[in-house]
Structures are given as C-alpha cells and as structure tokens.
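Chemist: Next up, input25.txt (compact mmCIF, C-alpha atoms and all ligand atoms).
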# COMPACT_ATOMS: atom_id res chain seq x y z
CA MET H 1 14.37 4.16 19.81
CA GLY H 2 12.23 0.99 19.64
CA ILE H 3 9.72 2.75 17.49
CA ILE H 4 12.17 3.04 14.64
CA ASN H 5 13.15 -0.58 14.76
CA VAL H 6 10.28 -1.99 12.75
CA SER H 7 12.22 -4.59 10.80
CA ASN H 8 9.90 -7.26 12.16
CA ILE H 9 6.77 -5.45 10.99
CA SER H 10 5.51 -6.08 7.49
CA LYS H 11 4.83 -3.30 5.01
CA LYS H 12 1.21 -4.43 4.98
CA GLU H 13 0.90 -3.81 8.71
CA ILE H 14 2.51 -0.40 8.38
CA ASP H 15 0.15 0.53 5.52
CA ASN H 16 -2.77 -0.70 7.57
CA ALA H 17 -1.79 1.43 10.57
CA ARG H 18 -1.48 4.43 8.29
CA LEU H 19 -4.94 3.72 6.92
CA ILE H 20 -6.46 3.50 10.40
CA VAL H 21 -5.01 6.94 11.15
CA GLU H 22 -6.28 8.30 7.84
CA ASN H 23 -9.79 6.96 8.34
CA LYS H 24 -9.96 8.46 11.79
CA ILE H 25 -8.82 11.85 10.51
CA LYS H 26 -11.38 11.73 7.69
CA GLN H 27 -14.12 10.87 10.16
CA LEU H 28 -13.22 13.96 12.21
CA ARG H 29 -13.13 16.13 9.09
CA ASP H 30 -16.61 14.90 8.12
CA ASN H 31 -17.89 16.22 11.43
CA THR H 32 -16.28 19.62 11.01
CA PRO H 33 -18.89 22.33 10.42
CA ASN H 34 -18.37 24.24 7.21
CA VAL H 35 -18.17 27.89 8.14
CA LYS H 36 -19.05 30.52 5.56
CA PHE H 37 -16.47 33.28 5.33
CA GLU H 38 -16.53 36.45 3.33
CA HIS H 39 -14.18 35.83 0.43
CA ASN H 40 -12.92 39.36 0.08
CA LYS H 41 -11.81 39.64 3.70
CA LEU H 42 -8.50 38.42 5.09
CA ALA H 43 -8.34 35.68 7.69
CA GLU H 44 -5.90 37.67 9.82
CA VAL H 45 -3.25 40.36 9.84
CA GLU H 46 -0.93 40.46 12.81
CA ILE H 47 2.40 42.04 13.63
CA ASN H 48 5.08 40.58 15.83
CA LYS H 49 8.77 40.83 16.67
CA PHE H 50 11.19 38.70 14.71
CA PHE H 51 14.96 38.18 14.58
CA TYR H 52 16.40 39.10 11.21
CA GLU H 53 19.93 40.00 10.14
CA HIS H 54 21.16 40.02 13.77
CA LYS H 55 18.48 42.32 15.08
CA THR H 56 14.89 42.38 16.28
CA VAL H 57 12.56 43.72 13.60
CA ASN H 58 8.84 44.05 13.01
CA ARG H 59 7.21 41.33 11.01
CA VAL H 60 3.72 41.37 9.56
CA MET H 61 1.86 38.14 9.04
CA ILE H 62 -0.89 38.31 6.44
CA VAL H 63 -3.19 35.30 6.32
CA LEU H 64 -5.35 35.16 3.23
CA ARG H 65 -8.76 33.58 3.37
CA ALA H 66 -8.14 30.77 0.91
CA ASN H 67 -9.44 27.58 -0.63
CA GLY H 68 -7.76 25.32 1.86
CA CYS H 69 -5.06 22.72 1.85
CA GLU H 70 -5.45 20.07 -0.82
CA HIS H 71 -3.95 17.38 1.42
CA TYR H 72 -6.87 17.53 3.82
CA LYS H 73 -9.37 17.67 0.97
CA GLN H 74 -7.95 14.52 -0.56
CA ASP H 75 -6.61 12.46 2.34
CA GLY H 76 -7.84 14.17 5.48
CA GLY H 77 -4.65 16.18 6.07
CA CYS H 78 -2.10 16.04 8.86
CA SER H 79 -2.95 14.72 12.30
CA MET H 80 -2.02 17.90 14.21
CA CYS H 81 -3.48 20.48 11.83
CA SER H 82 -6.85 22.18 11.76
CA HIS H 83 -6.20 24.88 9.22
CA PHE H 84 -9.33 23.68 7.46
CA ASN H 85 -11.31 25.31 10.30
CA GLY H 86 -10.44 28.62 8.67
CA THR H 87 -11.39 27.77 5.10
CA ASP H 88 -14.71 27.82 3.34
CA ARG H 89 -15.04 24.46 1.69
CA SER H 90 -18.15 25.13 -0.32
CA ALA H 91 -16.92 27.77 -2.75
CA LYS H 92 -13.75 28.65 -4.57
CA ILE H 93 -12.04 31.95 -3.94
CA THR H 94 -11.41 33.68 -7.24
CA THR H 95 -8.33 35.56 -8.42
CA GLU H 96 -10.29 38.81 -8.09
CA GLU H 97 -11.21 38.01 -4.49
CA TYR H 98 -7.60 37.23 -3.57
CA ILE H 99 -6.54 40.49 -5.17
CA GLU H 100 -9.22 42.36 -3.25
CA GLN H 101 -7.97 40.80 -0.01
CA TRP H 102 -4.44 41.89 -0.84
CA GLN H 103 -5.51 45.41 -1.79
CA ASN H 104 -7.26 45.66 1.55
CA VAL H 105 -3.89 45.15 3.25
CA ILE H 106 -2.16 47.70 1.05
CA ASP H 107 -4.93 50.23 1.58
CA GLY H 108 -5.25 49.43 5.29
CA ILE H 109 -8.93 48.59 4.90
CA GLY H 110 -10.29 46.78 7.94
CA LEU H 111 -7.00 47.15 9.87
CA SER H 112 -6.88 48.74 13.30
CA ASP H 113 -3.67 50.59 12.38
CA THR H 114 -4.88 53.32 10.05
CA LYS H 115 -1.30 54.29 9.13
CA PHE H 116 -0.34 50.76 8.13
CA ASP H 117 2.48 50.75 5.59
CA LEU H 118 4.20 47.59 4.36
CA ASN H 119 7.47 49.52 4.16
CA ASP H 120 7.59 49.48 7.97
CA TYR H 121 7.99 45.70 7.96
CA PRO H 122 11.32 44.20 6.86
CA VAL H 123 9.77 40.73 7.06
CA VAL H 124 6.37 39.97 5.55
CA CYS H 125 4.66 36.59 5.75
CA VAL H 126 1.97 35.80 3.20
CA TYR H 127 0.11 32.67 4.25
CA ASN H 128 -2.97 30.95 2.87
CA LEU H 129 -3.64 28.18 5.44
CA GLY H 130 -2.10 25.75 2.99
CA SER H 131 0.32 25.89 0.07
CA LEU H 132 0.79 29.22 -1.65
CA LEU H 133 2.52 27.41 -4.51
CA ASN H 134 -0.40 25.11 -5.28
CA GLU H 135 -2.46 26.69 -8.03
CA ASN H 136 -5.54 24.75 -6.92
CA GLU H 137 -5.35 26.60 -3.61
CA ILE H 138 -4.52 30.05 -4.95
CA THR H 139 -4.24 31.01 -8.59
CA THR H 140 -0.84 31.78 -10.10
CA GLU H 141 -2.29 35.12 -11.26
CA ALA H 142 -3.13 36.08 -7.68
CA VAL H 143 0.31 35.02 -6.43
CA GLN H 144 2.01 37.01 -9.16
CA TYR H 145 -0.13 40.06 -8.43
CA ILE H 146 0.84 39.92 -4.75
CA PHE H 147 4.57 39.63 -5.47
CA LYS H 148 4.50 42.32 -8.14
CA SER H 149 2.91 44.57 -5.58
CA LEU H 150 5.45 43.59 -2.90
CA ASN H 151 8.26 44.50 -5.27
CA GLN H 152 7.31 48.15 -4.92
CA TYR H 153 7.94 48.12 -1.16
CA LYS H 154 11.68 48.40 -0.74
CA GLY H 155 11.35 48.46 3.05
CA VAL H 156 10.37 44.80 2.78
CA LYS H 157 13.54 42.71 2.80
CA LYS H 158 12.19 39.21 3.06
CA VAL H 159 8.88 37.54 2.25
CA ILE H 160 8.00 34.23 3.86
CA ILE H 161 5.45 31.90 2.30
CA GLU H 162 4.49 28.27 2.97
CA SER H 163 4.08 25.28 0.69
CA ARG H 164 4.07 21.53 0.76
CA ALA H 165 7.20 20.16 -0.92
CA GLU H 166 5.47 18.75 -4.00
CA TYR H 167 4.26 22.18 -5.12
CA VAL H 168 7.76 23.65 -5.10
CA THR H 169 8.26 23.35 -8.84
CA GLU H 170 10.43 25.36 -11.24
CA GLU H 171 7.27 26.79 -12.75
CA ALA H 172 5.80 27.93 -9.44
CA ILE H 173 9.07 29.51 -8.33
CA LYS H 174 9.63 31.21 -11.68
CA ASN H 175 6.14 32.71 -11.40
CA ILE H 176 7.40 34.63 -8.37
CA ALA H 177 11.03 35.16 -9.38
CA ASP H 178 9.91 36.82 -12.62
CA VAL H 179 8.26 39.67 -10.76
CA TYR H 180 10.00 39.89 -7.37
CA ASP H 181 13.61 40.93 -6.65
CA GLY H 182 13.75 40.50 -2.87
CA ILE H 183 14.46 37.48 -0.69
CA VAL H 184 11.77 34.82 -0.52
CA GLU H 185 11.78 32.07 2.07
CA VAL H 186 9.53 29.07 1.59
CA GLY H 187 8.46 27.17 4.71
CA ILE H 188 8.03 23.47 3.99
CA GLY H 189 6.38 21.06 6.39
CA VAL H 190 8.97 18.35 6.98
CA GLU H 191 7.66 17.42 10.45
CA SER H 192 10.03 14.45 10.80
CA THR H 193 12.71 12.89 8.66
CA ASN H 194 11.74 9.50 10.06
CA ASN H 195 9.41 8.05 7.41
CA LEU H 196 7.39 6.06 9.90
CA ILE H 197 6.82 8.99 12.21
CA ARG H 198 6.05 11.34 9.33
CA GLU H 199 3.65 8.96 7.62
CA ILE H 200 1.89 7.35 10.58
CA CYS H 201 2.10 9.90 13.39
CA HIS H 202 1.83 13.06 11.27
CA HIS H 203 -0.02 11.54 8.34
CA LYS H 204 1.95 13.93 6.18
CA GLY H 205 1.43 12.15 2.88
CA ILE H 206 5.05 12.55 1.77
CA ASP H 207 6.32 9.00 1.67
CA ASP H 208 9.71 9.80 0.17
CA ILE H 209 12.05 12.32 1.79
CA ARG H 210 13.65 12.91 -1.60
CA LYS H 211 10.59 14.99 -2.54
CA ILE H 212 11.64 17.39 0.19
CA GLU H 213 15.30 17.36 -0.84
CA ASN H 214 14.22 18.10 -4.39
CA ALA H 215 12.16 21.10 -3.24
CA VAL H 216 15.17 22.52 -1.38
CA SER H 217 17.38 22.24 -4.44
CA ILE H 218 14.80 23.94 -6.69
CA LEU H 219 14.49 26.79 -4.20
CA HIS H 220 18.25 27.27 -4.06
CA ARG H 221 18.51 27.23 -7.83
CA TYR H 222 16.42 30.41 -7.79
CA ASN H 223 18.17 31.86 -4.75
CA PHE H 224 15.11 31.31 -2.60
CA LYS H 225 15.55 30.28 1.04
CA ALA H 226 14.24 27.02 2.46
CA LEU H 227 12.71 26.86 5.92
CA ALA H 228 11.86 23.50 7.51
CA TYR H 229 8.86 23.23 9.79
CA ILE H 230 9.46 20.48 12.30
CA ASN H 231 6.50 19.41 14.36
CA PHE H 232 7.49 18.60 17.91
CA LYS H 233 5.57 15.79 19.55
CA PRO H 234 3.17 14.21 17.14
CA ILE H 235 0.60 11.74 18.44
CA PHE H 236 1.73 8.23 19.51
CA LEU H 237 5.23 9.29 20.69
CA THR H 238 6.48 9.56 24.24
CA GLU H 239 7.96 12.86 25.37
CA SER H 240 11.55 11.65 25.09
CA GLU H 241 11.01 9.98 21.71
CA ALA H 242 9.55 13.26 20.47
CA ILE H 243 12.52 15.27 21.77
CA ASP H 244 14.99 12.89 20.12
CA ASP H 245 13.07 12.98 16.87
CA ALA H 246 12.90 16.79 16.78
CA ILE H 247 16.64 17.08 17.38
CA LYS H 248 17.49 14.45 14.79
CA THR H 249 15.10 15.95 12.25
CA SER H 250 16.62 19.41 12.81
CA ILE H 251 20.12 18.10 12.13
CA ASP H 252 18.90 16.14 9.09
CA CYS H 253 17.22 19.26 7.71
CA LEU H 254 20.41 21.28 8.11
CA ASN H 255 22.27 18.51 6.31
CA MET H 256 19.63 18.69 3.58
CA LYS H 257 20.72 22.34 3.24
CA PHE H 258 17.65 23.99 4.70
CA ASP H 259 18.58 27.58 5.56
CA ALA H 260 16.44 27.72 8.68
CA ILE H 261 14.39 25.47 10.92
CA SER H 262 11.31 26.21 12.92
CA ILE H 263 10.37 23.85 15.73
CA GLU H 264 6.58 23.76 15.95
CA PRO H 265 5.38 22.30 19.25
CA THR H 266 1.98 20.67 18.76
CA SER H 267 -0.96 22.81 19.76
CA LEU H 268 -4.57 21.73 19.90
CA GLN H 269 -7.30 22.97 17.63
CA ASP H 270 -10.79 21.54 17.27
CA TYR H 271 -11.29 18.57 14.97
CA SER H 272 -7.66 17.53 14.67
CA LEU H 273 -6.71 13.95 15.50
CA ALA H 274 -4.23 15.24 18.10
CA ASN H 275 -7.12 17.03 19.78
CA LYS H 276 -9.26 13.90 19.67
CA LEU H 277 -6.54 11.84 21.36
CA TYR H 278 -6.17 14.54 23.99
CA GLN H 279 -9.91 14.34 24.63
CA ILE H 280 -9.74 10.58 25.22
CA GLY H 281 -6.67 10.86 27.46
CA GLN H 282 -4.17 9.51 24.95
CA TYR H 283 -2.19 12.66 24.29
CA ARG H 284 -0.63 15.52 26.17
CA VAL H 285 0.78 18.60 24.45
CA PRO H 286 4.58 18.84 24.73
CA TRP H 287 6.23 20.31 27.80
CA LEU H 288 7.91 23.68 27.46
CA TRP H 289 10.93 22.29 29.36
CA SER H 290 11.35 19.88 26.46
CA VAL H 291 11.48 22.72 23.96
CA ARG H 292 14.58 23.94 25.77
CA ASP H 293 16.10 20.45 25.51
CA ILE H 294 15.59 20.55 21.75
CA VAL H 295 17.26 23.92 21.24
CA LYS H 296 20.17 22.84 23.42
CA GLY H 297 20.34 19.47 21.65
CA VAL H 298 20.59 21.15 18.24
CA TYR H 299 23.06 23.80 19.38
CA ASP H 300 25.25 21.11 20.97
CA LYS H 301 25.34 19.13 17.74
CA VAL H 302 25.76 22.03 15.31
CA ASN H 303 26.33 25.47 16.77
CA ASP H 304 24.30 28.41 17.97
CA LYS H 305 24.66 30.24 14.65
CA VAL H 306 21.94 28.13 13.14
CA ASP H 307 18.69 29.94 12.23
CA LEU H 308 16.39 28.10 14.64
CA ARG H 309 12.99 29.48 15.56
CA LEU H 310 10.35 28.31 17.96
CA GLY H 311 7.10 28.53 16.04
CA GLY H 312 4.03 30.11 17.53
CA TYR H 313 5.73 32.18 20.23
CA PHE H 314 5.95 35.80 19.17
CA ASP H 315 4.57 38.89 20.84
CA GLU H 316 1.75 39.65 18.50
CA GLU H 317 -0.63 42.49 17.90
CA VAL H 318 -3.63 41.61 15.81
CA LEU H 319 -4.54 44.31 13.29
CA SER H 320 -7.42 42.42 11.79
CA GLY H 321 -8.90 39.44 13.50
CA SER H 322 -11.22 36.63 12.76
CA GLN H 323 -14.63 36.81 11.26
CA GLY H 324 -15.80 35.92 14.73
CA VAL H 325 -15.82 32.19 15.19
CA GLY H 326 -12.57 31.42 17.05
CA TYR H 327 -11.98 30.97 20.77
CA ASN H 328 -12.30 34.27 22.65
CA SER H 329 -13.01 35.98 19.30
CA LYS H 330 -9.59 34.92 18.07
CA ASN H 331 -8.87 33.62 14.61
CA GLU H 332 -10.65 30.36 13.82
CA ILE H 333 -7.36 28.49 13.60
CA PHE H 334 -6.16 29.78 16.96
CA PRO H 335 -5.42 26.78 19.21
CA HIS H 336 -7.25 26.27 22.47
CA MET H 337 -4.14 24.74 24.01
CA THR H 338 -0.44 25.16 23.29
CA SER H 339 2.52 23.37 24.82
CA LEU H 340 2.69 23.94 28.52
CA ASN H 341 4.28 23.15 31.86
CA CYS H 342 2.16 23.93 34.92
CA ASP H 343 -0.03 26.90 35.74
CA LYS H 344 2.74 28.35 37.90
CA CYS H 345 5.51 28.58 35.31
CA SER H 346 4.00 28.27 31.80
CA ASN H 347 3.43 31.98 31.18
CA LYS H 348 6.89 32.91 32.44
CA PHE H 349 8.40 30.25 30.20
CA ILE H 350 6.48 31.50 27.16
CA GLU H 351 7.87 34.99 27.77
CA CYS H 352 11.38 33.48 27.75
CA ILE H 353 10.65 31.73 24.45
CA LYS H 354 9.45 34.99 22.93
CA LYS H 355 12.71 36.65 24.03
CA PHE H 356 14.63 33.77 22.48
CA ASN H 357 12.77 34.25 19.20
CA MET H 358 13.70 37.94 19.20
CA THR H 359 17.41 37.29 19.82
CA TYR H 360 18.28 33.60 19.26
CA ASP H 361 20.01 33.80 22.64
CA ILE H 362 19.54 30.44 24.41
CA ASN H 363 20.36 32.06 27.76
CA PHE H 364 16.82 33.44 27.82
CA LEU H 365 15.55 29.85 27.96
CA TYR H 366 17.61 29.36 31.11
CA GLU H 367 16.38 32.53 32.79
CA ILE H 368 13.59 30.52 34.32
CA GLU H 369 14.38 28.56 37.47
CA LYS H 370 13.37 24.94 38.01
CA CYS H 371 9.72 25.06 38.98
CA ASP H 372 9.00 23.41 42.34
CA LYS H 373 5.57 22.39 41.07
CA CYS H 374 6.39 20.64 37.79
CA TYR H 375 10.09 20.29 36.99
CA ASN H 376 10.51 16.93 38.72
CA LEU H 377 7.31 15.66 37.20
CA TRP H 378 8.59 16.57 33.72
CA GLU H 379 11.85 14.74 34.42
CA ASP H 380 9.84 11.66 35.37
CA VAL H 381 7.70 11.99 32.24
CA LYS H 382 10.88 11.95 30.16
CA LYS H 383 11.79 8.59 31.70
CA ILE H 384 8.58 6.95 30.46
CA LYS H 385 9.32 4.26 27.91
CA ASP H 386 6.85 2.57 25.61
CA SER H 387 8.01 -0.88 24.53
CA ARG H 388 5.32 -1.15 21.84
CA ASP H 389 6.24 -0.45 18.24
CA ILE H 390 4.35 2.30 16.46
CA VAL H 391 1.94 -0.02 14.66
CA THR H 392 0.85 -1.64 17.92
CA ARG H 393 0.32 1.80 19.45
CA VAL H 394 -1.98 2.75 16.56
CA TYR H 395 -3.98 -0.47 16.97
CA ASP H 396 -4.16 -0.02 20.73
CA ILE H 397 -5.23 3.60 20.65
CA LEU H 398 -7.32 3.81 17.49
CA GLY H 399 -8.11 0.20 16.68
CA ASN H 400 -11.19 0.18 18.85
CA GLU H 401 -11.93 3.90 18.74
CA GLY H 402 -15.33 4.45 17.17
S1 LIG D 501 0.00 20.92 8.11
FE1 LIG D 501 0.00 21.86 6.05
S2 LIG D 501 -0.10 20.06 4.68
FE2 LIG D 501 -0.76 19.36 6.68
S3 LIG D 501 -3.00 19.56 6.64
FE3 LIG D 501 -2.16 21.43 7.56
S4 LIG D 501 -2.00 22.88 5.89
FE4 LIG D 501 -2.19 20.83 5.00
ZN ZN D 502 5.79 24.63 36.63
Please lay out the structure from this file as structure tokens.
Ligand code: SF4
Ligand SMILES: [Zn+2]
Modeler:
Amino acid sequence: MGIINVSNISKKEIDNARLIVENKIKQLRDNTPNVKFEHNKLAEVEINKFFYEHKTVNRVMIVLRANGCEHYKQDGGCSMCSHFNGTDRSAKITTEEYIEQWQNVIDGIGLSDTKFDLNDYPVVCVYNLGSLLNENEITTEAVQYIFKSLNQYKGVKKVIIESRAEYVTEEAIKNIADVYDGIVEVGIGVESTNNLIREICHHKGIDDIRKIENAVSILHRYNFKALAYINFKPIFLTESEAIDDAIKTSIDCLNMKFDAISIEPTSLQDYSLANKLYQIGQYRVPWLWSVRDIVKGVYDKVNDKVDLRLGGYFDEEVLSGSQGVGYNSKNEIFPHMTSLNCDKCSNKFIECIKKFNMTYDINFLYEIEKCDKCYNLWEDVKKIKDSRDIVTRVYDILGNEG
C-alpha cells in the first residue's frame, strides 16, 4: 500500500497534515449547535439480538446521557464520530443525575416495555457516548453504583462498556472489579493499527499503539475481556486500502490478545469530518460487499472461531428513544447514512449481516446473489488506486477547504 510507504515524508509534514485535519474537525465542532438535554433522562435504551456463548440471546443497550467524550472537547475528536451531538456541553451531569438515569432503567420508568427486567438480558451494554472509565466523563461513584446494582441481576452474564485506551487504568478497573462478579468486556477504539491511518485519517489521538496493548494487559489482569473497535473505511482511503487495513488491523488486534473484534463500517452523522467530505464529494461510505471481504479475509487468515462482530447491524427495538432531535425522531447520534450498496440490494444485504451477527455464520453473507445493478461497479471501485501518499491527499482535499 503506497499510503504506508511514507519514508520520504518528513515528520514535520506528517504533523502538519494531522494539524490540518484537526483544525477542520474543530471548525465543524464550533458550528455544532449545543442541544439542551434533560440530565436525568437516558439517551436511549434499545434491545437487540446478539450471539453469546454459541447462541442468540437478547441484549439490552443502555446509553446514558453523559458529559461527552474528552477527546472531542480537547482536540476535536475522531473524524468519523459525532457522539457529541448527543451530549450537553454546557453543564456537567452529576453523580446523582447518573444514578437517577440508572434507576429509571431498573424501575422501567420511561420505557415502552412496562415489564422490563434486566434479568431477561444475558448481555447488557452500558454506554455513555464516550469513555465510561474516564472520571471526567462519568464519576467513579456513579460507575460503582451501576455495577453494584448490576451485581444483583444474576440473569446478566456479561456487561459491555466502552473506553478509550488511556482510561483503562488499574484504578478504574478495580473500581468495578471490587463490586461486580460477572464478566465485563471493555470496547476500545483501536480503529487502525497503522499509526498514520489512525492519527491522520481517524484523528484518534493515540500516537503509540503500546497504549492500547497496555490497556489489554490491564484488562486481562483483572479477568476483564478486551474488545477492539475497528473502523472500516476512514476518510482519505480508497475502498481497497480500507479493506486491507481492516483485515490487517483485525489480525493485529487478535495478536495483541483482544478477545473480540468489532468491525465498524463508517456511517455518517451531522458535523463529523467524514460527513463534511461526503458533502463535498470526497467520500463515499463503505460498500456492504466489502464488509463481506473483510470477514472472509479475517477468517481465511485466522479461523472462523474468532469473535468477530459487524457493528451497527442488529435487529433493534427501541424502548426509550431520543429527546426528539434526531433524524425521523431517532436518537440524536443515529446516522443519516450507513454503509450501502445500491437501492436494489442494500436492505437485503443488511438483513444478511444481522443474521451473521446472530450466528457468526459467514454463509449468511453469501446468501445474497451478485446484484446486477451494483456488483460489477463495486468490483471496479475496488480497482481504483490512488498514487498519492496520505499527506498529499490531506493537502489536496482539505488544504484549500475553507
Ligand atoms: S470515537 Fe470515541 S474517542 Fe473518538 S470522538 Fe467518538 S467517542 Fe470520542
Ligand atoms: Zn445492488
């Protein structure tokens, strides 16, 4: 991949390209309206089907209304993410408010399912649109309260949370391990193990992969599970470069001892840099056909026993939705576009991906026949090569963008 071969590019040029990306992201963030949310109400509660311990189970995803990711507050955040659209930037959510949000779930307040019981869900996700292990985003008291409460629900077998790697510290993990006996899986945004792609294309702000390796080893020390989020098709990459990078990153993550990987095809939300490049004709969301290539590519290199998920494609039922500002009354962070093929086959393909996520059976991804409208086009897209290195692409695309 030409993009990786940057031996003839100086560090100064690479830093400069990164800065151009950062400035553009910050400019977009400055134009993002600050929405006021009620602090004692959850962002979303939804249930979906998930594959766990060799069978399809119900999973509940609880999204707390939270203070927001510190990475975007400090450096603008990642290029593909708009989680900040769902956070209230003007006020801090207190421990008491987080606890009230959590109690609302337990008591079923504001949920459409009046008989809601956490014990019915073997897998529970507790998300905060950022890092649950960063005490500036959610207090350690609130986190401990939530896990203490979860410990009483023996029907819950696994809890999934998310955190940037740098907040996975002994202290933060102990805070949970002290009060919770069950399995905890921590999803960490790796995005790419290629430093250049991660730092320039994703603007991840993790310049040293060892920070991620360190997080995995801390998690394992406490018998926690490590899940790698791998973004598929960041800005500035061609389709085939993005496929190659997602496969390589998946293998690297497994070698780094991650217990599971989740491929996250880029989707578009307002005010992200990916969305901006889409608007100016410099970005297309990934093709669904490519997602199949990635799963096959990983299975071919490792085996099909690997815990590989395709993020964002689960049959969901929303029990408590947005506070009314998202597309079609959806949650504010709901994307307006996800990866797609053509209008003839996209929906069918998405159904196949959902079946894959419920079974991990790759055959479901081959249930769909080659589409006469778009399959050949996708094959041609995969042949597109870009001889420019990544720095030149940034200059070309953003250098003159006002
Ligand atoms: S992807 Fe994660 S780290 Fe990046 S801006 Fe979004 S919430 Fe923050
Ligand atoms: Zn098609």
Chemist: Give me, as a list in words, all polymer residues having an atom no more than 10 Å from region 368-381 of chain H, counting all atoms listed in the file and skipping those fewer than 3 positions away in the same chain.
Modeler: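 Listed by chain and then number, they are Thr238, Glu239, Ser240, Trp287, Leu288, Trp289, Ser290, Asn341, Cys342, Asp343, Lys344, Cys345, Ser346, Lys348, Phe349, Glu351, Cys352, Asn363, Phe364, Leu365, Ile384 and Lys385 of chain H.
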Chemist: Report as a tab-separated table the residues of chain H within 10 Å of ligand LIG 501 (chain D), each with its shortest atom pair and distance in Å (one decimal), using only C-alpha atoms and all ligand atoms, ordered by chain and increasing residue number.
Modeler:
residue	atom	partner	partner_atom	distance
H:Gly68	CA	D:LIG501	S4	7.4
H:Cys69	CA	D:LIG501	FE4	4.7
H:Glu70	CA	D:LIG501	FE4	6.7
H:His71	CA	D:LIG501	FE4	5.3
H:Tyr72	CA	D:LIG501	S3	5.2
H:Lys73	CA	D:LIG501	S3	8.7
H:Asp75	CA	D:LIG501	S3	9.1
H:Gly76	CA	D:LIG501	S3	7.3
H:Gly77	CA	D:LIG501	S3	3.8
H:Cys78	CA	D:LIG501	FE2	4.2
H:Ser79	CA	D:LIG501	S3	7.4
H:Met80	CA	D:LIG501	S1	7.1
H:Cys81	CA	D:LIG501	FE3	4.6
H:Ser82	CA	D:LIG501	FE3	6.3
H:His83	CA	D:LIG501	FE3	5.6
H:Phe84	CA	D:LIG501	FE3	7.5
H:Asn128	CA	D:LIG501	S4	8.7
H:Leu129	CA	D:LIG501	S4	5.6
H:Gly130	CA	D:LIG501	S4	4.1
H:Ser131	CA	D:LIG501	S4	7.0
H:Glu162	CA	D:LIG501	FE1	8.4
H:Ser163	CA	D:LIG501	FE1	7.6
H:Arg164	CA	D:LIG501	S2	5.9
H:Ala165	CA	D:LIG501	S2	9.2
H:Ile188	CA	D:LIG501	FE1	8.4
H:Gly189	CA	D:LIG501	FE1	6.4
H:Val190	CA	D:LIG501	S1	9.4
H:Glu191	CA	D:LIG501	S1	8.7
H:His202	CA	D:LIG501	FE2	8.2
H:His203	CA	D:LIG501	FE2	8.0
H:Lys204	CA	D:LIG501	FE2	6.1
H:Gly205	CA	D:LIG501	S2	8.3
H:Ile206	CA	D:LIG501	S2	9.6
H:Tyr229	CA	D:LIG501	S1	9.3
H:Asn231	CA	D:LIG501	S1	9.1
H:Ser272	CA	D:LIG501	S3	9.5
Chemist: Which of these residues is nearest to Asn31 (chain H), using only C-alpha atoms: H:Tyr278, H:Trp102, H:Tyr271, H:Tyr395?
Modeler: H:Tyr271
Chemist: Extract, using all atoms listed in the file, all DNA, RNA and protein residues at most 12 Å from Asn255 (chain H), discarding same-chain residues fewer than 3 positions from it, and format them as a ChimeraX atom specification.
Modeler: /H:193,213,216,228,248-252,258-261,301-302,306
Chemist: First collect every listed atom of region 169-178 of chain H; then fit an axis-aligned box around them, widen it by 3 Å on each side, and give centre and edge lengths in Å to one decimal, as AutoDock Vina command-line options.
Modeler:
--center_x 8.4 --center_y 30.1 --center_z -10.5 --size_x 11.2 --size_y 19.5 --size_z 10.4
Chemist: One number please: CA of Lys382 (chain H) to CA of Ile243 (chain H), in Å, one decimal.
Modeler: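 Pair CA of Lys382 (chain H) / CA of Ile243 (chain H) returns 9.2 Å.
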Chemist: Would you compute the distance between CA of Pro122 (chain H) and CA of Val60 (chain H)? Give it in Å to one decimal.
Modeler: 8.5 Å
Chemist: For region 140-149 of chain H, list every protein, DNA or RNA residue within 6 Å, evaluated using all atoms listed in the file, and leave out those in the same chain fewer than 6 positions away; present the list as a PyMOL selection string.
Modeler: chain H and resi 95+176+179-180
Chemist: Given the choices H:Leu273, H:Ile362, H:Lys233, H:Glu317, which gets closest to Val298 (chain H) if the distance is worked out from only C-alpha atoms?
Modeler: H:Ile362
Chemist: Please, what distance in Å, to one decimal, runs between CA of Lys115 (chain H) and CA of Ala66 (chain H)?
Modeler: 25.8 Å
Chemist: Measuring between all atoms listed in the file, which one of H:Leu308, H:Met337, H:Leu219, H:Ile390 shows the shortest distance to Asp361 (chain H)?
Modeler: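 Looking only at the distances to Asp361 (chain H), the closest residue turns out to be H:Leu308.
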Chemist: Using all atoms listed in the file for the distances, tell me which of H:Asn119, H:Ser387, H:Asn347, H:Gln27 is nearest to ligand ZN 502 (chain D).
Modeler: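 For ligand ZN 502 (chain D), the nearest of the candidates is H:Asn347.
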Chemist: Rebuild region 389-400 of chain H to N, CA and C atoms - output it as an mmCIF file, keeping the file's coordinate frame, please.
Modeler:
data_model
loop_
_atom_site.group_PDB
_atom_site.id
_atom_site.type_symbol
_atom_site.label_atom_id
_atom_site.label_comp_id
_atom_site.auth_asym_id
_atom_site.auth_seq_id
_atom_site.Cartn_x
_atom_site.Cartn_y
_atom_site.Cartn_z
ATOM 1 N N ASP H 389 5.860 -1.140 19.468
ATOM 2 C CA ASP H 389 6.240 -0.450 18.240
ATOM 3 C C ASP H 389 5.084 0.457 17.824
ATOM 4 N N ILE H 390 5.331 1.271 16.822
ATOM 5 C CA ILE H 390 4.350 2.300 16.460
ATOM 6 C C ILE H 390 3.035 1.708 15.939
ATOM 7 N N VAL H 391 3.154 0.597 15.223
ATOM 8 C CA VAL H 391 1.940 -0.020 14.660
ATOM 9 C C VAL H 391 1.033 -0.516 15.790
ATOM 10 N N THR H 392 1.635 -1.136 16.788
ATOM 11 C CA THR H 392 0.850 -1.640 17.920
ATOM 12 C C THR H 392 0.192 -0.476 18.661
ATOM 13 N N ARG H 393 0.911 0.631 18.767
ATOM 14 C CA ARG H 393 0.320 1.800 19.450
ATOM 15 C C ARG H 393 -0.922 2.290 18.689
ATOM 16 N N VAL H 394 -0.819 2.299 17.355
ATOM 17 C CA VAL H 394 -1.980 2.750 16.560
ATOM 18 C C VAL H 394 -3.159 1.803 16.792
ATOM 19 N N TYR H 395 -2.892 0.506 16.742
ATOM 20 C CA TYR H 395 -3.980 -0.470 16.970
ATOM 21 C C TYR H 395 -4.577 -0.274 18.361
ATOM 22 N N ASP H 396 -3.689 -0.134 19.348
ATOM 23 C CA ASP H 396 -4.160 -0.020 20.730
ATOM 24 C C ASP H 396 -5.016 1.226 20.942
ATOM 25 N N ILE H 397 -4.561 2.328 20.361
ATOM 26 C CA ILE H 397 -5.230 3.600 20.650
ATOM 27 C C ILE H 397 -6.413 3.853 19.705
ATOM 28 N N LEU H 398 -6.250 3.486 18.449
ATOM 29 C CA LEU H 398 -7.320 3.810 17.490
ATOM 30 C C LEU H 398 -8.093 2.590 16.993
ATOM 31 N N GLY H 399 -7.502 1.411 17.213
ATOM 32 C CA GLY H 399 -8.110 0.200 16.680
ATOM 33 C C GLY H 399 -9.553 0.026 17.091
ATOM 34 N N ASN H 400 -9.828 0.366 18.342
ATOM 35 C CA ASN H 400 -11.190 0.180 18.850
ATOM 36 C C ASN H 400 -11.940 1.496 19.027
#
